[in-house]
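Novice: Structure file data.pdb, PDB, C-alpha atoms, is pasted below:
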```
ATOM      1  CA  MET A   2      15.579 -47.233  89.834  1.00  0.00           C
ATOM      2  CA  HIS A   3      13.555 -45.472  87.149  1.00  0.00           C
ATOM      3  CA  GLU A   4      11.341 -42.522  87.848  1.00  0.00           C
ATOM      4  CA  ARG A   5       9.146 -40.062  85.987  1.00  0.00           C
ATOM      5  CA  PRO A   6       9.447 -36.370  86.844  1.00  0.00           C
ATOM      6  CA  PRO A   7       7.674 -35.332  90.045  1.00  0.00           C
ATOM      7  CA  LYS A   8       4.523 -33.235  89.788  1.00  0.00           C
ATOM      8  CA  GLU A   9       3.456 -30.678  92.381  1.00  0.00           C
ATOM      9  CA  THR A  10      -0.021 -29.811  91.081  1.00  0.00           C
ATOM     10  CA  ALA A  11      -2.878 -31.385  89.164  1.00  0.00           C
ATOM     11  CA  LEU A  12      -2.187 -29.048  86.244  1.00  0.00           C
ATOM     12  CA  GLU A  13       1.348 -30.403  86.042  1.00  0.00           C
ATOM     13  CA  VAL A  14      -0.197 -33.838  85.475  1.00  0.00           C
ATOM     14  CA  VAL A  15      -2.181 -32.460  82.519  1.00  0.00           C
ATOM     15  CA  PHE A  16       0.927 -30.672  81.163  1.00  0.00           C
ATOM     16  CA  TYR A  17       2.962 -33.884  81.503  1.00  0.00           C
ATOM     17  CA  GLU A  18       0.316 -35.789  79.523  1.00  0.00           C
ATOM     18  CA  ARG A  19       0.386 -33.034  76.880  1.00  0.00           C
ATOM     19  CA  ASP A  20       4.189 -33.116  76.649  1.00  0.00           C
ATOM     20  CA  LEU A  21       4.314 -36.888  76.200  1.00  0.00           C
ATOM     21  CA  LEU A  22       1.438 -36.843  73.707  1.00  0.00           C
ATOM     22  CA  GLN A  23       3.332 -34.266  71.661  1.00  0.00           C
ATOM     23  CA  HIS A  24       6.554 -36.270  71.879  1.00  0.00           C
ATOM     24  CA  CYS A  25       4.863 -39.465  70.702  1.00  0.00           C
ATOM     25  CA  ALA A  26       3.026 -37.601  67.937  1.00  0.00           C
ATOM     26  CA  LYS A  27       6.298 -36.080  66.746  1.00  0.00           C
ATOM     27  CA  THR A  28       8.222 -39.361  66.727  1.00  0.00           C
ATOM     28  CA  VAL A  29       5.734 -41.965  65.499  1.00  0.00           C
ATOM     29  CA  ASP A  30       6.297 -41.287  61.772  1.00  0.00           C
ATOM     30  CA  ALA A  31      10.087 -41.494  62.150  1.00  0.00           C
ATOM     31  CA  LYS A  32       9.736 -44.736  64.106  1.00  0.00           C
ATOM     32  CA  LYS A  33       7.504 -46.166  61.360  1.00  0.00           C
ATOM     33  CA  LYS A  34       9.981 -45.188  58.639  1.00  0.00           C
ATOM     34  CA  GLN A  35      12.809 -46.826  60.560  1.00  0.00           C
ATOM     35  CA  ALA A  36      10.768 -50.002  61.124  1.00  0.00           C
ATOM     36  CA  ASP A  37       9.814 -50.102  57.422  1.00  0.00           C
ATOM     37  CA  LYS A  38      13.410 -49.484  56.310  1.00  0.00           C
ATOM     38  CA  SER A  39      14.937 -51.974  58.709  1.00  0.00           C
ATOM     39  CA  PRO A  40      12.224 -54.271  60.116  1.00  0.00           C
ATOM     40  CA  SER A  41      14.174 -55.656  63.062  1.00  0.00           C
ATOM     41  CA  PRO A  42      12.257 -56.666  66.194  1.00  0.00           C
ATOM     42  CA  GLU A  43      13.798 -53.680  68.009  1.00  0.00           C
ATOM     43  CA  ASN A  44      12.687 -51.174  65.340  1.00  0.00           C
ATOM     44  CA  LYS A  45       9.198 -52.637  65.219  1.00  0.00           C
ATOM     45  CA  ALA A  46       8.985 -52.485  69.023  1.00  0.00           C
ATOM     46  CA  GLU A  47      10.051 -48.814  69.002  1.00  0.00           C
ATOM     47  CA  TYR A  48       7.336 -48.040  66.456  1.00  0.00           C
ATOM     48  CA  TYR A  49       4.683 -49.901  68.444  1.00  0.00           C
ATOM     49  CA  LEU A  50       5.793 -48.158  71.645  1.00  0.00           C
ATOM     50  CA  ALA A  51       5.370 -44.776  69.936  1.00  0.00           C
ATOM     51  CA  ILE A  52       1.832 -45.736  68.869  1.00  0.00           C
ATOM     52  CA  GLU A  53       0.935 -47.057  72.316  1.00  0.00           C
ATOM     53  CA  GLY A  54       2.510 -44.051  74.041  1.00  0.00           C
ATOM     54  CA  PHE A  55       0.457 -41.742  71.860  1.00  0.00           C
ATOM     55  CA  LEU A  56      -2.730 -43.704  72.541  1.00  0.00           C
ATOM     56  CA  LEU A  57      -2.153 -43.857  76.288  1.00  0.00           C
ATOM     57  CA  HIS A  58      -1.632 -40.108  76.644  1.00  0.00           C
ATOM     58  CA  TYR A  59      -4.397 -39.333  74.147  1.00  0.00           C
ATOM     59  CA  ARG A  60      -6.837 -41.438  76.168  1.00  0.00           C
ATOM     60  CA  ASN A  61      -5.757 -39.787  79.409  1.00  0.00           C
ATOM     61  CA  LEU A  62      -6.252 -36.282  78.009  1.00  0.00           C
ATOM     62  CA  LEU A  63      -9.481 -37.183  76.261  1.00  0.00           C
ATOM     63  CA  GLY A  64     -10.748 -38.607  79.544  1.00  0.00           C
ATOM     64  CA  PHE A  65      -9.844 -35.360  81.294  1.00  0.00           C
ATOM     65  CA  PHE A  66     -11.769 -33.239  78.783  1.00  0.00           C
ATOM     66  CA  ILE A  67     -14.843 -35.486  78.442  1.00  0.00           C
ATOM     67  CA  ASN A  68     -15.034 -35.862  82.220  1.00  0.00           C
ATOM     68  CA  ARG A  69     -14.476 -39.596  82.227  1.00  0.00           C
ATOM     69  CA  GLY A  70     -13.754 -40.130  85.876  1.00  0.00           C
ATOM     70  CA  ASN A  71     -15.223 -42.909  87.966  1.00  0.00           C
ATOM     71  CA  ARG A  72     -12.977 -42.637  90.996  1.00  0.00           C
ATOM     72  CA  PRO A  73     -12.741 -39.661  93.342  1.00  0.00           C
ATOM     73  CA  THR A  74      -9.030 -39.397  92.513  1.00  0.00           C
ATOM     74  CA  ASP A  75      -9.620 -39.033  88.743  1.00  0.00           C
ATOM     75  CA  LEU A  76      -8.807 -35.618  87.304  1.00  0.00           C
ATOM     76  CA  THR A  77     -11.440 -34.245  84.934  1.00  0.00           C
ATOM     77  CA  LEU A  78     -12.218 -30.812  83.579  1.00  0.00           C
ATOM     78  CA  ALA A  79     -15.495 -30.763  85.523  1.00  0.00           C
ATOM     79  CA  ARG A  80     -13.715 -31.413  88.816  1.00  0.00           C
ATOM     80  CA  VAL A  81     -12.456 -27.846  89.050  1.00  0.00           C
ATOM     81  CA  ASP A  82     -11.713 -28.222  92.757  1.00  0.00           C
ATOM     82  CA  LYS A  83      -9.013 -30.767  91.819  1.00  0.00           C
ATOM     83  CA  TRP A  84      -7.024 -28.650  89.350  1.00  0.00           C
ATOM     84  CA  ALA A  85      -7.880 -24.940  89.699  1.00  0.00           C
ATOM     85  CA  ASP A  86      -6.306 -24.451  93.137  1.00  0.00           C
ATOM     86  CA  GLY A  87      -9.363 -22.574  94.434  1.00  0.00           C
ATOM     87  CA  ARG A  88      -9.378 -19.930  91.681  1.00  0.00           C
ATOM     88  CA  SER A  89     -12.571 -19.094  89.819  1.00  0.00           C
ATOM     89  CA  VAL A  90     -13.119 -20.851  86.511  1.00  0.00           C
ATOM     90  CA  ASP A  91     -15.216 -19.839  83.508  1.00  0.00           C
ATOM     91  CA  GLU A  92     -17.618 -22.782  83.475  1.00  0.00           C
ATOM     92  CA  SER A  93     -19.013 -21.932  80.029  1.00  0.00           C
ATOM     93  CA  PHE A  94     -15.489 -22.088  78.574  1.00  0.00           C
ATOM     94  CA  CYS A  95     -14.958 -25.504  80.198  1.00  0.00           C
ATOM     95  CA  HIS A  96     -18.350 -26.689  78.943  1.00  0.00           C
ATOM     96  CA  LYS A  97     -17.446 -25.674  75.357  1.00  0.00           C
ATOM     97  CA  LEU A  98     -14.146 -27.563  75.599  1.00  0.00           C
ATOM     98  CA  THR A  99     -16.006 -30.632  76.845  1.00  0.00           C
ATOM     99  CA  GLU A 100     -18.536 -30.427  74.000  1.00  0.00           C
ATOM    100  CA  ARG A 101     -15.729 -30.253  71.453  1.00  0.00           C
ATOM    101  CA  ALA A 102     -13.854 -33.111  73.126  1.00  0.00           C
ATOM    102  CA  LEU A 103     -17.009 -35.229  73.070  1.00  0.00           C
ATOM    103  CA  GLN A 104     -17.194 -34.681  69.288  1.00  0.00           C
ATOM    104  CA  VAL A 105     -13.553 -35.784  68.934  1.00  0.00           C
ATOM    105  CA  ASN A 106     -14.320 -38.802  71.102  1.00  0.00           C
ATOM    106  CA  GLU A 107     -17.231 -39.778  68.846  1.00  0.00           C
ATOM    107  CA  THR A 108     -15.361 -39.062  65.594  1.00  0.00           C
ATOM    108  CA  HIS A 109     -12.515 -41.439  66.388  1.00  0.00           C
ATOM    109  CA  GLY A 110     -14.636 -44.256  67.800  1.00  0.00           C
ATOM    110  CA  ILE A 111     -15.105 -47.713  66.347  1.00  0.00           C
ATOM    111  CA  HIS A 112     -17.970 -49.787  64.991  1.00  0.00           C
ATOM    112  CA  TYR A 113     -17.422 -53.520  65.279  1.00  0.00           C
ATOM    113  CA  GLY A 114     -20.374 -55.721  64.467  1.00  0.00           C
ATOM    114  CA  ASP A 115     -23.254 -54.527  66.622  1.00  0.00           C
ATOM    115  CA  VAL A 116     -20.905 -52.785  69.035  1.00  0.00           C
ATOM    116  CA  LYS A 117     -20.202 -49.073  68.835  1.00  0.00           C
ATOM    117  CA  ASN A 118     -17.530 -47.625  71.066  1.00  0.00           C
ATOM    118  CA  ASP A 119     -16.187 -44.100  71.430  1.00  0.00           C
ATOM    119  CA  CYS A 120     -12.486 -43.310  71.027  1.00  0.00           C
ATOM    120  CA  TYR A 121     -11.832 -43.535  74.759  1.00  0.00           C
ATOM    121  CA  GLY A 122     -13.385 -46.998  74.778  1.00  0.00           C
ATOM    122  CA  LYS A 123     -11.676 -48.013  71.545  1.00  0.00           C
ATOM    123  CA  ILE A 124      -8.271 -47.225  73.001  1.00  0.00           C
ATOM    124  CA  SER A 125      -9.208 -49.135  76.139  1.00  0.00           C
ATOM    125  CA  TRP A 126     -10.143 -52.202  74.066  1.00  0.00           C
ATOM    126  CA  PHE A 127      -6.723 -52.274  72.437  1.00  0.00           C
ATOM    127  CA  LEU A 128      -4.474 -50.969  75.167  1.00  0.00           C
ATOM    128  CA  GLN A 129      -5.857 -51.107  78.682  1.00  0.00           C
ATOM    129  CA  HIS A 130      -5.882 -54.893  79.045  1.00  0.00           C
ATOM    130  CA  CYS A 131      -5.950 -58.086  76.989  1.00  0.00           C
ATOM    131  CA  THR A 132      -9.220 -58.490  75.093  1.00  0.00           C
ATOM    132  CA  ASP A 133     -10.287 -60.520  72.077  1.00  0.00           C
ATOM    133  CA  TYR A 134     -10.948 -57.223  70.273  1.00  0.00           C
ATOM    134  CA  ARG A 135      -7.181 -56.921  69.992  1.00  0.00           C
ATOM    135  CA  TYR A 136      -7.101 -59.631  67.354  1.00  0.00           C
ATOM    136  CA  LYS A 137     -10.661 -59.597  65.986  1.00  0.00           C
ATOM    137  CA  ALA A 138     -11.397 -55.922  65.309  1.00  0.00           C
ATOM    138  CA  GLN A 139      -9.845 -53.319  63.038  1.00  0.00           C
ATOM    139  CA  ARG A 140      -7.095 -51.503  64.851  1.00  0.00           C
ATOM    140  CA  ASP A 141      -5.688 -48.738  62.725  1.00  0.00           C
ATOM    141  CA  TRP A 142      -5.095 -45.281  64.164  1.00  0.00           C
ATOM    142  CA  ASP A 143      -5.098 -42.010  62.256  1.00  0.00           C
ATOM    143  CA  ILE A 144      -2.655 -40.428  64.671  1.00  0.00           C
ATOM    144  CA  ALA A 145      -2.164 -37.225  62.662  1.00  0.00           C
ATOM    145  CA  ARG A 146      -5.900 -36.566  62.474  1.00  0.00           C
ATOM    146  CA  MET A 147      -6.528 -37.595  66.075  1.00  0.00           C
ATOM    147  CA  TYR A 148      -3.803 -35.220  67.216  1.00  0.00           C
ATOM    148  CA  ALA A 149      -5.060 -32.414  64.954  1.00  0.00           C
ATOM    149  CA  ASP A 150      -8.572 -32.805  66.348  1.00  0.00           C
ATOM    150  CA  LEU A 151      -7.597 -32.801  70.037  1.00  0.00           C
ATOM    151  CA  SER A 152      -4.683 -30.375  70.068  1.00  0.00           C
ATOM    152  CA  PRO A 153      -6.736 -27.161  69.592  1.00  0.00           C
ATOM    153  CA  ILE A 154      -8.810 -28.092  72.643  1.00  0.00           C
ATOM    154  CA  LEU A 155      -5.679 -28.804  74.625  1.00  0.00           C
ATOM    155  CA  ASP A 156      -3.996 -25.622  73.359  1.00  0.00           C
ATOM    156  CA  GLU A 157      -6.950 -23.471  74.406  1.00  0.00           C
ATOM    157  CA  PHE A 158      -7.052 -25.036  77.850  1.00  0.00           C
ATOM    158  CA  VAL A 159      -3.300 -24.678  78.387  1.00  0.00           C
ATOM    159  CA  ALA A 160      -3.322 -21.090  77.101  1.00  0.00           C
ATOM    160  CA  SER A 161      -6.107 -20.248  79.537  1.00  0.00           C
ATOM    161  CA  VAL A 162      -4.256 -21.563  82.590  1.00  0.00           C
ATOM    162  CA  MET A 163      -0.652 -20.776  81.695  1.00  0.00           C
ATOM    163  CA  PRO A 164       0.993 -17.472  80.801  1.00  0.00           C
ATOM    164  CA  VAL A 165       1.511 -17.195  77.028  1.00  0.00           C
ATOM    165  CA  ALA A 166       5.297 -17.100  77.405  1.00  0.00           C
ATOM    166  CA  GLU A 167       5.264 -20.562  78.968  1.00  0.00           C
ATOM    167  CA  VAL A 168       3.083 -22.316  76.372  1.00  0.00           C
ATOM    168  CA  ALA A 169       5.020 -25.174  74.780  1.00  0.00           C
ATOM    169  CA  GLU A 170       5.937 -25.154  71.120  1.00  0.00           C
ATOM    170  CA  VAL A 171       3.208 -25.992  68.646  1.00  0.00           C
ATOM    171  CA  ILE A 172       3.905 -28.971  66.430  1.00  0.00           C
ATOM    172  CA  SER A 173       2.650 -30.014  63.046  1.00  0.00           C
ATOM    173  CA  LEU A 174       2.062 -33.572  61.874  1.00  0.00           C
ATOM    174  CA  GLY A 175       1.724 -34.969  58.387  1.00  0.00           C
ATOM    175  CA  ALA A 176       0.167 -32.742  55.760  1.00  0.00           C
ATOM    176  CA  PRO A 177      -0.005 -29.011  56.502  1.00  0.00           C
ATOM    177  CA  SER A 178      -3.733 -29.331  57.147  1.00  0.00           C
ATOM    178  CA  TYR A 179      -2.883 -31.449  60.194  1.00  0.00           C
ATOM    179  CA  GLY A 180      -0.913 -28.643  61.841  1.00  0.00           C
ATOM    180  CA  THR A 181      -2.088 -26.696  64.832  1.00  0.00           C
ATOM    181  CA  VAL A 182      -2.356 -22.953  64.801  1.00  0.00           C
ATOM    182  CA  THR A 183      -0.503 -20.481  66.956  1.00  0.00           C
ATOM    183  CA  ILE A 184      -2.012 -20.249  70.397  1.00  0.00           C
ATOM    184  CA  THR A 185      -3.768 -17.005  71.254  1.00  0.00           C
ATOM    185  CA  LYS A 186      -5.415 -16.234  74.547  1.00  0.00           C
ATOM    186  CA  SER A 187      -9.183 -16.343  74.065  1.00  0.00           C
ATOM    187  CA  GLY A 188      -9.939 -15.062  77.506  1.00  0.00           C
ATOM    188  CA  PRO A 189      -8.830 -16.100  80.955  1.00  0.00           C
ATOM    189  CA  LEU A 190     -10.087 -19.320  82.418  1.00  0.00           C
ATOM    190  CA  LEU A 191      -8.732 -18.500  85.823  1.00  0.00           C
TER     191      LEU A 191
END
```
So that I can check it, write out the structure of this file as structure tokens.
Specialist:
Amino acid sequence: MHERPPKETALEVVFYERDLLQHCAKTVDAKKKQADKSPSPENKAEYYLAIEGFLLHYRNLLGFFINRGNRPTDLTLARVDKWADGRSVDESFCHKLTERALQVNETHGIHYGDVKNDCYGKISWFLQHCTDYRYKAQRDWDIARMYADLSPILDEFVASVMPVAEVAEVISLGAPSYGTVTITKSGPLL
């Protein structure tokens, strides 16, 4: 049987999403190079899995930060009672993260004919289930830029809820301008 690592808290779910997003972001370029160098079905599948893994975890984290939760079980930044374990939270800090995430969501959206969809919706069109958008609409992904735009929001959130010594390594993608900066505590969230 196959199993993902167990999680004990809601924050561990967010950290797991972050870890897998980082892994996919780090490996997608290498997978593309391998698929371009040796275009076997296996190499192409590995490349596509890296893209889809990135998109899945990006969508999940974006949904958390933009408060995209329809079900009572959905974790979102606004549902503090779900992830803060009863500790007080700086609501203005959370609101600022949400505003920034909403900008990222808009920036990486799609326009197709008369339809405009945000990034969360765009990923859903191409990943969540089979739709005709998957063959009719443009489907390129600027993974380096998407990651660069979301990672500072994620870094600030993680730094606010986790001791600095435990913050995961910061990665850089593509050109140096796509890198993230060193995490500094901007003030406690909890």
Novice: Give the answer as one residue: which of A:Gln129, A:Ser39, A:Ala11, A:Ala46 has the shortest atom-to-atom distance to Thr74 in chain A, using all atoms listed in the file?
Specialist: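 So, comparing all the options, the nearest one is A:Ala11.
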Novice: Pull the neighbourhood of (4.2, -28.8, 84.5) for me: all residues within 12 Å in file coordinates, counting only C-alpha atoms, as a list of chain:residue names.
Specialist: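 So the residues meeting the distance criterion are A:Pro6, A:Pro7, A:Lys8, A:Glu9, A:Thr10, A:Ala11, A:Leu12, A:Glu13, A:Val14, A:Val15, A:Phe16, A:Tyr17, A:Glu18, A:Arg19, A:Asp20, A:Leu21, A:Val159, A:Val162, A:Met163, A:Glu167, A:Val168, A:Ala169.
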Novice: I'd like the interatomic distance between CA of Leu62 in chain A and CA of Tyr113 in chain A, to a tenth of an Å.
Specialist: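 A separation of 24.2 Å between them.
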Novice: What residues come out when you apply the PyMOL selection byres ((chain A and resi 105) around 10) to this file, written as a PyMOL selection string?
Specialist: chain A and resi 63+67+99-104+106-110+119-121+147-151+154
Novice: Set the distance at 10 Å and use only C-alpha atoms: which residues neighbour Arg140 in chain A once local chain neighbours fewer than 4 positions away are removed? I'd like the list as a PyMOL selection string.
Specialist: chain A and resi 111+123-124+126-127+134-136
Novice: Filtering to C-alpha atoms, could you give me those residues as a PDB file, in the frame of the given file?
Specialist:
```pdb
ATOM      1  CA  ILE A 111     -15.105 -47.713  66.347  1.00  0.00           C
ATOM      2  CA  LYS A 123     -11.676 -48.013  71.545  1.00  0.00           C
ATOM      3  CA  ILE A 124      -8.271 -47.225  73.001  1.00  0.00           C
ATOM      4  CA  TRP A 126     -10.143 -52.202  74.066  1.00  0.00           C
ATOM      5  CA  PHE A 127      -6.723 -52.274  72.437  1.00  0.00           C
ATOM      6  CA  TYR A 134     -10.948 -57.223  70.273  1.00  0.00           C
ATOM      7  CA  ARG A 135      -7.181 -56.921  69.992  1.00  0.00           C
ATOM      8  CA  TYR A 136      -7.101 -59.631  67.354  1.00  0.00           C
TER       9      TYR A 136
END
```
Novice: With only C-alpha atoms as the atoms that count, which of A:Leu155, A:Leu78, A:Phe66, A:Lys38 lies nearest to Asp91 in chain A?
Specialist: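 Among the listed residues, the smallest separation from Asp91 in chain A belongs to A:Leu78.
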Novice: Can you tell me how far CA of Phe55 in chain A sits from CA of Glu43 in chain A, in Å to one decimal?
Specialist: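 Straight-line distance from CA of Phe55 in chain A to CA of Glu43 in chain A works out to 18.3 Å.
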Novice: At a cut-off of 12 Å, using all atoms listed in the file, what residues contact Arg80 in chain A? Leave out same-chain residues fewer than 2 positions from it and give the result as a list in words.
Specialist: Ala11, Phe65, Phe66, Ile67, Asn68, Arg69, Gly70, Asn71, Arg72, Pro73, Thr74, Asp75, Leu76, Thr77, Leu78, Asp82, Lys83, Trp84, Ala85, Asp86, Gly87, Val90, Glu92, Cys95 and His96 of chain A
Novice: Kindly indicate which residue among A:Ser125, A:Ala51, A:Lys117, A:Leu22 lies nearest to Ser152 in chain A, using all atoms listed in the file for the distances.
Specialist: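 Closest candidate: A:Leu22.
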Novice: Provide the CA of Val29 in chain A to CA of Ala145 in chain A distance in Å, to one decimal place.
Specialist: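 Computed distance, CA of Val29 in chain A to CA of Ala145 in chain A, equals 9.6 Å.
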Novice: Calculated over only C-alpha atoms, which of the candidates A:Tyr49, A:Leu98, A:Ala160, A:Ala79 has the smallest distance to Trp142 in chain A?
Specialist: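 Counting only C-alpha atoms, the residue closest to Trp142 in chain A is A:Tyr49.
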Novice: As JSON, what would the box around range 44-55 of chain A look like: edges along x, y and z, 4 Å added on every side, centre and edge lengths in Å to one decimal?
Specialist:
```
{"center_x": 6.6, "center_y": -47.2, "center_z": 69.6, "size_x": 20.2, "size_y": 18.9, "size_z": 16.8}
```
Novice: Could you please fill out range 64-83 of chain A with N, CA, C and O atoms and send it back as a PDB file, in the frame of the given file?
Specialist:
```pdb
ATOM      1  N   GLY A  64      -9.989 -38.337  78.327  1.00  0.00           N
ATOM      2  CA  GLY A  64     -10.748 -38.607  79.544  1.00  0.00           C
ATOM      3  C   GLY A  64     -10.871 -37.376  80.430  1.00  0.00           C
ATOM      4  O   GLY A  64     -11.929 -37.124  81.015  1.00  0.00           O
ATOM      5  N   PHE A  65      -9.807 -36.597  80.516  1.00  0.00           N
ATOM      6  CA  PHE A  65      -9.844 -35.360  81.294  1.00  0.00           C
ATOM      7  C   PHE A  65     -10.887 -34.405  80.720  1.00  0.00           C
ATOM      8  O   PHE A  65     -11.717 -33.861  81.449  1.00  0.00           O
ATOM      9  N   PHE A  66     -10.879 -34.219  79.407  1.00  0.00           N
ATOM     10  CA  PHE A  66     -11.769 -33.239  78.783  1.00  0.00           C
ATOM     11  C   PHE A  66     -13.222 -33.701  78.674  1.00  0.00           C
ATOM     12  O   PHE A  66     -14.128 -32.880  78.695  1.00  0.00           O
ATOM     13  N   ILE A  67     -13.455 -35.013  78.541  1.00  0.00           N
ATOM     14  CA  ILE A  67     -14.843 -35.486  78.442  1.00  0.00           C
ATOM     15  C   ILE A  67     -15.397 -35.875  79.807  1.00  0.00           C
ATOM     16  O   ILE A  67     -16.499 -36.405  79.910  1.00  0.00           O
ATOM     17  N   ASN A  68     -14.603 -35.615  80.834  1.00  0.00           N
ATOM     18  CA  ASN A  68     -15.034 -35.862  82.220  1.00  0.00           C
ATOM     19  C   ASN A  68     -15.286 -37.332  82.507  1.00  0.00           C
ATOM     20  O   ASN A  68     -16.269 -37.700  83.134  1.00  0.00           O
ATOM     21  N   ARG A  69     -14.388 -38.158  82.022  1.00  0.00           N
ATOM     22  CA  ARG A  69     -14.476 -39.596  82.227  1.00  0.00           C
ATOM     23  C   ARG A  69     -13.723 -39.937  83.503  1.00  0.00           C
ATOM     24  O   ARG A  69     -12.545 -40.244  83.465  1.00  0.00           O
ATOM     25  N   GLY A  70     -14.388 -39.832  84.604  1.00  0.00           N
ATOM     26  CA  GLY A  70     -13.754 -40.130  85.876  1.00  0.00           C
ATOM     27  C   GLY A  70     -14.702 -40.874  86.783  1.00  0.00           C
ATOM     28  O   GLY A  70     -15.740 -40.343  87.169  1.00  0.00           O
ATOM     29  N   ASN A  71     -14.373 -42.093  87.105  1.00  0.00           N
ATOM     30  CA  ASN A  71     -15.223 -42.909  87.966  1.00  0.00           C
ATOM     31  C   ASN A  71     -14.780 -42.873  89.426  1.00  0.00           C
ATOM     32  O   ASN A  71     -15.584 -43.083  90.316  1.00  0.00           O
ATOM     33  N   ARG A  72     -13.517 -42.627  89.636  1.00  0.00           N
ATOM     34  CA  ARG A  72     -12.977 -42.637  90.996  1.00  0.00           C
ATOM     35  C   ARG A  72     -12.809 -41.208  91.500  1.00  0.00           C
ATOM     36  O   ARG A  72     -12.546 -40.296  90.724  1.00  0.00           O
ATOM     37  N   PRO A  73     -12.889 -41.015  92.797  1.00  0.00           N
ATOM     38  CA  PRO A  73     -12.741 -39.661  93.342  1.00  0.00           C
ATOM     39  C   PRO A  73     -11.358 -39.060  93.073  1.00  0.00           C
ATOM     40  O   PRO A  73     -11.195 -37.845  93.097  1.00  0.00           O
ATOM     41  N   THR A  74     -10.383 -39.888  92.778  1.00  0.00           N
ATOM     42  CA  THR A  74      -9.030 -39.397  92.513  1.00  0.00           C
ATOM     43  C   THR A  74      -8.815 -39.022  91.049  1.00  0.00           C
ATOM     44  O   THR A  74      -7.774 -38.467  90.710  1.00  0.00           O
ATOM     45  N   ASP A  75      -9.765 -39.332  90.168  1.00  0.00           N
ATOM     46  CA  ASP A  75      -9.620 -39.033  88.743  1.00  0.00           C
ATOM     47  C   ASP A  75      -9.712 -37.528  88.505  1.00  0.00           C
ATOM     48  O   ASP A  75     -10.606 -36.861  89.017  1.00  0.00           O
ATOM     49  N   LEU A  76      -8.781 -37.026  87.695  1.00  0.00           N
ATOM     50  CA  LEU A  76      -8.807 -35.618  87.304  1.00  0.00           C
ATOM     51  C   LEU A  76      -9.668 -35.474  86.058  1.00  0.00           C
ATOM     52  O   LEU A  76      -9.470 -36.196  85.076  1.00  0.00           O
ATOM     53  N   THR A  77     -10.625 -34.565  86.100  1.00  0.00           N
ATOM     54  CA  THR A  77     -11.440 -34.245  84.934  1.00  0.00           C
ATOM     55  C   THR A  77     -11.645 -32.736  84.894  1.00  0.00           C
ATOM     56  O   THR A  77     -11.508 -32.052  85.911  1.00  0.00           O
ATOM     57  N   LEU A  78     -11.984 -32.243  83.743  1.00  0.00           N
ATOM     58  CA  LEU A  78     -12.218 -30.812  83.579  1.00  0.00           C
ATOM     59  C   LEU A  78     -13.337 -30.327  84.493  1.00  0.00           C
ATOM     60  O   LEU A  78     -13.271 -29.240  85.046  1.00  0.00           O
ATOM     61  N   ALA A  79     -14.358 -31.144  84.687  1.00  0.00           N
ATOM     62  CA  ALA A  79     -15.495 -30.763  85.523  1.00  0.00           C
ATOM     63  C   ALA A  79     -15.150 -30.724  87.014  1.00  0.00           C
ATOM     64  O   ALA A  79     -15.836 -30.056  87.781  1.00  0.00           O
ATOM     65  N   ARG A  80     -14.115 -31.398  87.404  1.00  0.00           N
ATOM     66  CA  ARG A  80     -13.715 -31.413  88.816  1.00  0.00           C
ATOM     67  C   ARG A  80     -12.731 -30.263  89.076  1.00  0.00           C
ATOM     68  O   ARG A  80     -11.550 -30.462  89.376  1.00  0.00           O
ATOM     69  N   VAL A  81     -13.246 -29.076  88.942  1.00  0.00           N
ATOM     70  CA  VAL A  81     -12.456 -27.846  89.050  1.00  0.00           C
ATOM     71  C   VAL A  81     -11.710 -27.788  90.377  1.00  0.00           C
ATOM     72  O   VAL A  81     -10.562 -27.333  90.435  1.00  0.00           O
ATOM     73  N   ASP A  82     -12.348 -28.261  91.437  1.00  0.00           N
ATOM     74  CA  ASP A  82     -11.713 -28.222  92.757  1.00  0.00           C
ATOM     75  C   ASP A  82     -10.405 -29.008  92.791  1.00  0.00           C
ATOM     76  O   ASP A  82      -9.540 -28.732  93.614  1.00  0.00           O
ATOM     77  N   LYS A  83     -10.225 -29.947  91.859  1.00  0.00           N
ATOM     78  CA  LYS A  83      -9.013 -30.767  91.819  1.00  0.00           C
ATOM     79  C   LYS A  83      -7.839 -30.058  91.136  1.00  0.00           C
ATOM     80  O   LYS A  83      -6.695 -30.319  91.476  1.00  0.00           O
TER      81      LYS A  83
END
```
